$ cat query-v6.txt   # compact mmCIF, N, CA and C atoms
# COMPACT_ATOMS: atom_id res chain seq x y z
N MET H 1 -17.80 -39.53 -33.58
CA MET H 1 -19.06 -39.23 -32.93
C MET H 1 -19.70 -40.51 -32.38
N MET H 2 -19.62 -41.57 -33.16
CA MET H 2 -20.21 -42.84 -32.74
C MET H 2 -19.49 -43.39 -31.52
N ARG H 3 -18.16 -43.20 -31.46
CA ARG H 3 -17.38 -43.69 -30.33
C ARG H 3 -17.78 -42.95 -29.05
N LEU H 4 -18.01 -41.64 -29.18
CA LEU H 4 -18.44 -40.84 -28.03
C LEU H 4 -19.80 -41.31 -27.54
N ARG H 5 -20.72 -41.55 -28.46
CA ARG H 5 -22.05 -42.00 -28.09
C ARG H 5 -21.99 -43.37 -27.41
N PHE H 6 -21.18 -44.28 -27.95
CA PHE H 6 -21.03 -45.60 -27.36
C PHE H 6 -20.44 -45.48 -25.96
N GLY H 7 -19.44 -44.64 -25.78
CA GLY H 7 -18.82 -44.44 -24.47
C GLY H 7 -19.80 -43.88 -23.47
N PHE H 8 -20.64 -42.96 -23.91
CA PHE H 8 -21.64 -42.36 -23.03
C PHE H 8 -22.66 -43.42 -22.58
N ILE H 9 -23.14 -44.20 -23.53
CA ILE H 9 -24.12 -45.24 -23.21
C ILE H 9 -23.50 -46.31 -22.31
N ALA H 10 -22.26 -46.68 -22.61
CA ALA H 10 -21.57 -47.66 -21.77
C ALA H 10 -21.39 -47.12 -20.35
N GLY H 11 -21.04 -45.86 -20.22
CA GLY H 11 -20.88 -45.24 -18.91
C GLY H 11 -22.17 -45.23 -18.13
N LEU H 12 -23.27 -44.89 -18.79
CA LEU H 12 -24.57 -44.92 -18.13
C LEU H 12 -24.93 -46.33 -17.67
N THR H 13 -24.67 -47.29 -18.52
CA THR H 13 -24.99 -48.68 -18.19
C THR H 13 -24.19 -49.15 -16.98
N VAL H 14 -22.90 -48.90 -16.98
CA VAL H 14 -22.04 -49.31 -15.87
C VAL H 14 -22.46 -48.59 -14.58
N GLY H 15 -22.73 -47.30 -14.69
CA GLY H 15 -23.18 -46.54 -13.53
C GLY H 15 -24.48 -47.06 -12.96
N TYR H 16 -25.41 -47.39 -13.83
CA TYR H 16 -26.68 -47.94 -13.37
C TYR H 16 -26.47 -49.28 -12.68
N TYR H 17 -25.63 -50.13 -13.27
CA TYR H 17 -25.37 -51.45 -12.72
C TYR H 17 -24.77 -51.34 -11.31
N PHE H 18 -23.72 -50.54 -11.17
CA PHE H 18 -23.08 -50.41 -9.86
C PHE H 18 -23.98 -49.67 -8.87
N GLY H 19 -24.76 -48.74 -9.35
CA GLY H 19 -25.70 -48.05 -8.47
C GLY H 19 -26.76 -49.00 -7.94
N ALA H 20 -27.24 -49.88 -8.80
CA ALA H 20 -28.23 -50.87 -8.37
C ALA H 20 -27.62 -51.84 -7.36
N MET H 21 -26.35 -52.20 -7.55
CA MET H 21 -25.68 -53.10 -6.61
C MET H 21 -25.50 -52.44 -5.25
N ALA H 22 -25.23 -51.14 -5.24
CA ALA H 22 -24.98 -50.44 -3.99
C ALA H 22 -26.22 -50.41 -3.12
N GLY H 23 -27.38 -50.29 -3.72
CA GLY H 23 -28.63 -50.35 -2.98
C GLY H 23 -29.07 -49.04 -2.38
N ARG H 24 -30.20 -49.13 -1.70
CA ARG H 24 -30.86 -47.97 -1.12
C ARG H 24 -30.02 -47.31 -0.01
N GLY H 25 -29.34 -48.12 0.78
CA GLY H 25 -28.53 -47.57 1.87
C GLY H 25 -27.44 -46.64 1.37
N ARG H 26 -26.75 -47.06 0.33
CA ARG H 26 -25.69 -46.22 -0.25
C ARG H 26 -26.29 -44.96 -0.86
N TYR H 27 -27.45 -45.07 -1.50
CA TYR H 27 -28.15 -43.92 -2.08
C TYR H 27 -28.45 -42.90 -0.99
N GLU H 28 -28.98 -43.35 0.14
CA GLU H 28 -29.30 -42.44 1.23
C GLU H 28 -28.04 -41.83 1.84
N GLN H 29 -26.97 -42.62 1.93
CA GLN H 29 -25.71 -42.11 2.44
C GLN H 29 -25.18 -40.99 1.54
N LEU H 30 -25.24 -41.19 0.23
CA LEU H 30 -24.78 -40.16 -0.70
C LEU H 30 -25.66 -38.91 -0.61
N ASN H 31 -26.96 -39.09 -0.45
CA ASN H 31 -27.85 -37.93 -0.32
C ASN H 31 -27.53 -37.12 0.94
N ARG H 32 -27.22 -37.80 2.04
CA ARG H 32 -26.84 -37.09 3.27
C ARG H 32 -25.55 -36.31 3.06
N LEU H 33 -24.59 -36.93 2.38
CA LEU H 33 -23.32 -36.27 2.09
C LEU H 33 -23.54 -35.03 1.22
N ILE H 34 -24.35 -35.16 0.19
CA ILE H 34 -24.63 -34.04 -0.71
C ILE H 34 -25.31 -32.90 0.06
N ALA H 35 -26.26 -33.24 0.92
CA ALA H 35 -26.95 -32.22 1.72
C ALA H 35 -25.96 -31.49 2.63
N LYS H 36 -25.04 -32.24 3.23
CA LYS H 36 -24.03 -31.65 4.11
C LYS H 36 -23.13 -30.69 3.34
N VAL H 37 -22.72 -31.09 2.14
CA VAL H 37 -21.88 -30.24 1.30
C VAL H 37 -22.62 -28.97 0.90
N LYS H 38 -23.90 -29.11 0.57
CA LYS H 38 -24.70 -27.93 0.18
C LYS H 38 -24.83 -26.93 1.32
N ARG H 39 -24.86 -27.42 2.55
CA ARG H 39 -25.01 -26.53 3.71
C ARG H 39 -23.69 -25.90 4.15
N SER H 40 -22.58 -26.38 3.66
CA SER H 40 -21.28 -25.90 4.15
C SER H 40 -20.98 -24.47 3.68
N ASP H 41 -20.22 -23.78 4.52
CA ASP H 41 -19.84 -22.41 4.19
C ASP H 41 -18.96 -22.36 2.95
N ALA H 42 -18.09 -23.33 2.80
CA ALA H 42 -17.20 -23.35 1.65
C ALA H 42 -17.99 -23.41 0.34
N THR H 43 -19.06 -24.18 0.33
CA THR H 43 -19.90 -24.27 -0.87
C THR H 43 -20.55 -22.94 -1.18
N HIS H 44 -21.04 -22.26 -0.15
CA HIS H 44 -21.67 -20.95 -0.36
C HIS H 44 -20.66 -19.92 -0.85
N ILE H 45 -19.46 -19.96 -0.29
CA ILE H 45 -18.42 -19.02 -0.73
C ILE H 45 -18.04 -19.29 -2.18
N ALA H 46 -17.88 -20.56 -2.54
CA ALA H 46 -17.53 -20.91 -3.93
C ALA H 46 -18.64 -20.51 -4.89
N ALA H 47 -19.89 -20.71 -4.49
CA ALA H 47 -21.02 -20.33 -5.35
C ALA H 47 -21.07 -18.82 -5.55
N ASP H 48 -20.83 -18.07 -4.47
CA ASP H 48 -20.81 -16.61 -4.59
C ASP H 48 -19.70 -16.13 -5.52
N LYS H 49 -18.52 -16.74 -5.38
CA LYS H 49 -17.41 -16.36 -6.27
C LYS H 49 -17.72 -16.70 -7.72
N ALA H 50 -18.32 -17.86 -7.95
CA ALA H 50 -18.68 -18.25 -9.32
C ALA H 50 -19.70 -17.28 -9.90
N ARG H 51 -20.71 -16.91 -9.09
CA ARG H 51 -21.71 -15.94 -9.55
C ARG H 51 -21.05 -14.62 -9.92
N SER H 52 -20.10 -14.19 -9.11
CA SER H 52 -19.40 -12.93 -9.36
C SER H 52 -18.62 -12.99 -10.67
N VAL H 53 -17.93 -14.10 -10.91
CA VAL H 53 -17.17 -14.26 -12.15
C VAL H 53 -18.10 -14.24 -13.36
N VAL H 54 -19.22 -14.93 -13.26
CA VAL H 54 -20.18 -14.97 -14.37
C VAL H 54 -20.76 -13.58 -14.61
N ASP H 55 -21.14 -12.88 -13.53
CA ASP H 55 -21.69 -11.52 -13.69
C ASP H 55 -20.67 -10.59 -14.34
N THR H 56 -19.42 -10.68 -13.93
CA THR H 56 -18.38 -9.85 -14.53
C THR H 56 -18.23 -10.17 -16.02
N GLY H 57 -18.26 -11.45 -16.35
CA GLY H 57 -18.16 -11.85 -17.75
C GLY H 57 -19.32 -11.33 -18.58
N ILE H 58 -20.51 -11.39 -18.02
CA ILE H 58 -21.69 -10.88 -18.73
C ILE H 58 -21.56 -9.39 -18.98
N HIS H 59 -21.12 -8.64 -17.96
CA HIS H 59 -20.97 -7.19 -18.13
C HIS H 59 -19.90 -6.86 -19.17
N LYS H 60 -18.80 -7.58 -19.13
CA LYS H 60 -17.74 -7.33 -20.12
C LYS H 60 -18.22 -7.65 -21.53
N ALA H 61 -18.95 -8.76 -21.68
CA ALA H 61 -19.44 -9.14 -23.00
C ALA H 61 -20.47 -8.13 -23.51
N THR H 62 -21.32 -7.65 -22.62
CA THR H 62 -22.33 -6.66 -23.01
C THR H 62 -21.65 -5.35 -23.44
N ASP H 63 -20.67 -4.92 -22.65
CA ASP H 63 -19.95 -3.69 -23.00
C ASP H 63 -19.24 -3.83 -24.34
N GLU H 64 -18.62 -4.99 -24.57
CA GLU H 64 -17.93 -5.22 -25.84
C GLU H 64 -18.91 -5.23 -27.00
N ALA H 65 -20.06 -5.86 -26.82
CA ALA H 65 -21.07 -5.89 -27.89
C ALA H 65 -21.57 -4.49 -28.21
N LYS H 66 -21.82 -3.70 -27.16
CA LYS H 66 -22.27 -2.31 -27.38
C LYS H 66 -21.20 -1.50 -28.11
N HIS H 67 -19.95 -1.70 -27.70
CA HIS H 67 -18.85 -0.99 -28.34
C HIS H 67 -18.76 -1.35 -29.83
N ARG H 68 -18.87 -2.62 -30.14
CA ARG H 68 -18.78 -3.05 -31.55
C ARG H 68 -19.97 -2.55 -32.36
N LEU H 69 -21.17 -2.57 -31.76
CA LEU H 69 -22.33 -2.05 -32.48
C LEU H 69 -22.17 -0.56 -32.77
N HIS H 70 -21.70 0.18 -31.77
CA HIS H 70 -21.49 1.61 -31.95
C HIS H 70 -20.43 1.88 -33.01
N ARG H 71 -19.34 1.10 -32.96
CA ARG H 71 -18.24 1.26 -33.92
C ARG H 71 -18.71 0.96 -35.34
N ASN H 72 -19.68 0.06 -35.49
CA ASN H 72 -20.18 -0.31 -36.82
C ASN H 72 -21.31 0.58 -37.29
N GLY H 73 -21.60 1.65 -36.55
CA GLY H 73 -22.55 2.65 -37.02
C GLY H 73 -24.01 2.42 -36.65
N HIS H 74 -24.29 1.56 -35.69
CA HIS H 74 -25.67 1.37 -35.26
C HIS H 74 -26.09 2.53 -34.37
N THR H 75 -27.36 2.92 -34.47
CA THR H 75 -27.85 4.04 -33.69
C THR H 75 -28.22 3.59 -32.28
N ASP H 76 -28.50 4.56 -31.38
CA ASP H 76 -28.84 4.22 -30.01
C ASP H 76 -30.13 3.43 -29.91
N SER H 77 -31.04 3.60 -30.84
CA SER H 77 -32.30 2.85 -30.79
C SER H 77 -32.09 1.38 -31.12
N GLN H 78 -30.92 1.04 -31.65
CA GLN H 78 -30.62 -0.34 -32.00
C GLN H 78 -29.59 -0.95 -31.07
N THR H 79 -29.39 -0.37 -29.89
CA THR H 79 -28.34 -0.88 -29.01
C THR H 79 -28.66 -2.26 -28.53
N PHE H 80 -27.62 -2.96 -28.22
CA PHE H 80 -27.72 -4.35 -27.79
C PHE H 80 -28.13 -4.42 -26.33
N THR H 81 -29.10 -5.26 -26.02
CA THR H 81 -29.44 -5.53 -24.62
C THR H 81 -29.48 -7.04 -24.45
N PRO H 82 -28.77 -7.55 -23.45
CA PRO H 82 -28.76 -9.01 -23.25
C PRO H 82 -30.12 -9.50 -22.78
N SER H 83 -30.44 -10.72 -23.12
CA SER H 83 -31.74 -11.26 -22.70
C SER H 83 -31.59 -12.10 -21.47

$ encode --input "query-v6.txt" --output "structure tokens"
Amino acid sequence: MMRLRFGFIAGLTVGYYFGAMAGRGRYEQLNRLIAKVKRSDATHIAADKARSVVDTGIHKATDEAKHRLHRNGHTDSQTFTPS
């Protein structure tokens, strides 16, 4: 655990150092690139697919939880509803 924490802190330190060396121009260049990626159709398609996968997983998990509650003798008034 300590090694992981040290690695994380070392990574942050190195990232900060190199980020400071790169300067404001590089920061603005990266921001423009990020904005361009966010506007791209490929990003929107990937986000929609990811949302679909997550929604499917939520529905499957909810159905499985309801099935297990019913199998274990819980009544309808105690059915599981995701938050």

$ atom_distance --input "query-v6.txt" --atom1 "atom N of Asp55 in chain H" --atom2 "CA of Arg39 in chain H"
22.3 Å

$ axis_aligned_box --input "query-v6.txt" --around "range 16-25 of chain H" --padding-each-side "8 Å" --output "JSON"
{"center_x": -27.0, "center_y": -49.9, "center_z": -6.0, "size_x": 23.8, "size_y": 22.5, "size_z": 31.7}

$ atom_distance --input "query-v6.txt" --atom1 "CA of Tyr17 in chain H" --atom2 "CA of Leu30 in chain H"
16.5 Å

$ select_by_dssp --input "query-v6.txt" --residues "chain H" --states "alpha helix (DSSP H)" --output "JSON, numbers by chain"
{"H": [2, 3, 4, 5, 6, 7, 8, 9, 10, 11, 12, 13, 14, 15, 16, 17, 18, 19, 20, 21, 22, 23, 24, 25, 26, 27, 28, 29, 30, 31, 32, 33, 34, 35, 36, 37, 38, 39, 41, 42, 43, 44, 45, 46, 47, 48, 49, 50, 51, 52, 53, 54, 55, 56, 57, 58, 59, 60, 61, 62, 63, 64, 65, 66, 67, 68, 69, 70, 71]}

$ atom_distance --input "query-v6.txt" --atom1 "atom N of Ala65 in chain H" --atom2 "atom C of Arg51 in chain H"
19.1 Å

$ build_atoms --input "query-v6.txt" --residues "range 19-42 of chain H" --atoms "N, CA, C and O atoms" --output "compact mmCIF listing (two decimals), in the frame of the given file"
# COMPACT_ATOMS: atom_id res chain seq x y z
N GLY H 19 -24.76 -48.74 -9.35
CA GLY H 19 -25.70 -48.05 -8.47
C GLY H 19 -26.76 -49.00 -7.94
O GLY H 19 -27.13 -48.96 -6.76
N ALA H 20 -27.24 -49.88 -8.80
CA ALA H 20 -28.23 -50.87 -8.37
C ALA H 20 -27.62 -51.84 -7.36
O ALA H 20 -28.28 -52.26 -6.41
N MET H 21 -26.35 -52.20 -7.55
CA MET H 21 -25.68 -53.10 -6.61
C MET H 21 -25.50 -52.44 -5.25
O MET H 21 -25.59 -53.10 -4.22
N ALA H 22 -25.23 -51.14 -5.24
CA ALA H 22 -24.98 -50.44 -3.99
C ALA H 22 -26.22 -50.41 -3.12
O ALA H 22 -26.13 -50.45 -1.90
N GLY H 23 -27.38 -50.29 -3.72
CA GLY H 23 -28.63 -50.35 -2.98
C GLY H 23 -29.07 -49.04 -2.38
O GLY H 23 -28.43 -48.00 -2.50
N ARG H 24 -30.20 -49.13 -1.70
CA ARG H 24 -30.86 -47.97 -1.12
C ARG H 24 -30.02 -47.31 -0.01
O ARG H 24 -29.99 -46.10 0.12
N GLY H 25 -29.34 -48.12 0.78
CA GLY H 25 -28.53 -47.57 1.87
C GLY H 25 -27.44 -46.64 1.37
O GLY H 25 -27.21 -45.56 1.93
N ARG H 26 -26.75 -47.06 0.33
CA ARG H 26 -25.69 -46.22 -0.25
C ARG H 26 -26.29 -44.96 -0.86
O ARG H 26 -25.72 -43.87 -0.74
N TYR H 27 -27.45 -45.07 -1.50
CA TYR H 27 -28.15 -43.92 -2.08
C TYR H 27 -28.45 -42.90 -0.99
O TYR H 27 -28.19 -41.70 -1.15
N GLU H 28 -28.98 -43.35 0.14
CA GLU H 28 -29.30 -42.44 1.23
C GLU H 28 -28.04 -41.83 1.84
O GLU H 28 -28.03 -40.65 2.21
N GLN H 29 -26.97 -42.62 1.93
CA GLN H 29 -25.71 -42.11 2.44
C GLN H 29 -25.18 -40.99 1.54
O GLN H 29 -24.73 -39.95 2.03
N LEU H 30 -25.24 -41.19 0.23
CA LEU H 30 -24.78 -40.16 -0.70
C LEU H 30 -25.66 -38.91 -0.61
O LEU H 30 -25.15 -37.79 -0.68
N ASN H 31 -26.96 -39.09 -0.45
CA ASN H 31 -27.85 -37.93 -0.32
C ASN H 31 -27.53 -37.12 0.94
O ASN H 31 -27.56 -35.89 0.91
N ARG H 32 -27.22 -37.80 2.04
CA ARG H 32 -26.84 -37.09 3.27
C ARG H 32 -25.55 -36.31 3.06
O ARG H 32 -25.42 -35.17 3.49
N LEU H 33 -24.59 -36.93 2.38
CA LEU H 33 -23.32 -36.27 2.09
C LEU H 33 -23.54 -35.03 1.22
O LEU H 33 -22.98 -33.96 1.48
N ILE H 34 -24.35 -35.16 0.19
CA ILE H 34 -24.63 -34.04 -0.71
C ILE H 34 -25.31 -32.90 0.06
O ILE H 34 -24.97 -31.72 -0.12
N ALA H 35 -26.26 -33.24 0.92
CA ALA H 35 -26.95 -32.22 1.72
C ALA H 35 -25.96 -31.49 2.63
O ALA H 35 -26.02 -30.27 2.80
N LYS H 36 -25.04 -32.24 3.23
CA LYS H 36 -24.03 -31.65 4.11
C LYS H 36 -23.13 -30.69 3.34
O LYS H 36 -22.81 -29.59 3.81
N VAL H 37 -22.72 -31.09 2.14
CA VAL H 37 -21.88 -30.24 1.30
C VAL H 37 -22.62 -28.97 0.90
O VAL H 37 -22.06 -27.87 0.94
N LYS H 38 -23.90 -29.11 0.57
CA LYS H 38 -24.70 -27.93 0.18
C LYS H 38 -24.83 -26.93 1.32
O LYS H 38 -24.89 -25.73 1.09
N ARG H 39 -24.86 -27.42 2.55
CA ARG H 39 -25.01 -26.53 3.71
C ARG H 39 -23.69 -25.90 4.15
O ARG H 39 -23.69 -24.96 4.93
N SER H 40 -22.58 -26.38 3.66
CA SER H 40 -21.28 -25.90 4.15
C SER H 40 -20.98 -24.47 3.68
O SER H 40 -21.42 -24.03 2.62
N ASP H 41 -20.22 -23.78 4.52
CA ASP H 41 -19.84 -22.41 4.19
C ASP H 41 -18.96 -22.36 2.95
O ASP H 41 -19.07 -21.43 2.14
N ALA H 42 -18.09 -23.33 2.80
CA ALA H 42 -17.20 -23.35 1.65
C ALA H 42 -17.99 -23.41 0.34
O ALA H 42 -17.62 -22.76 -0.64
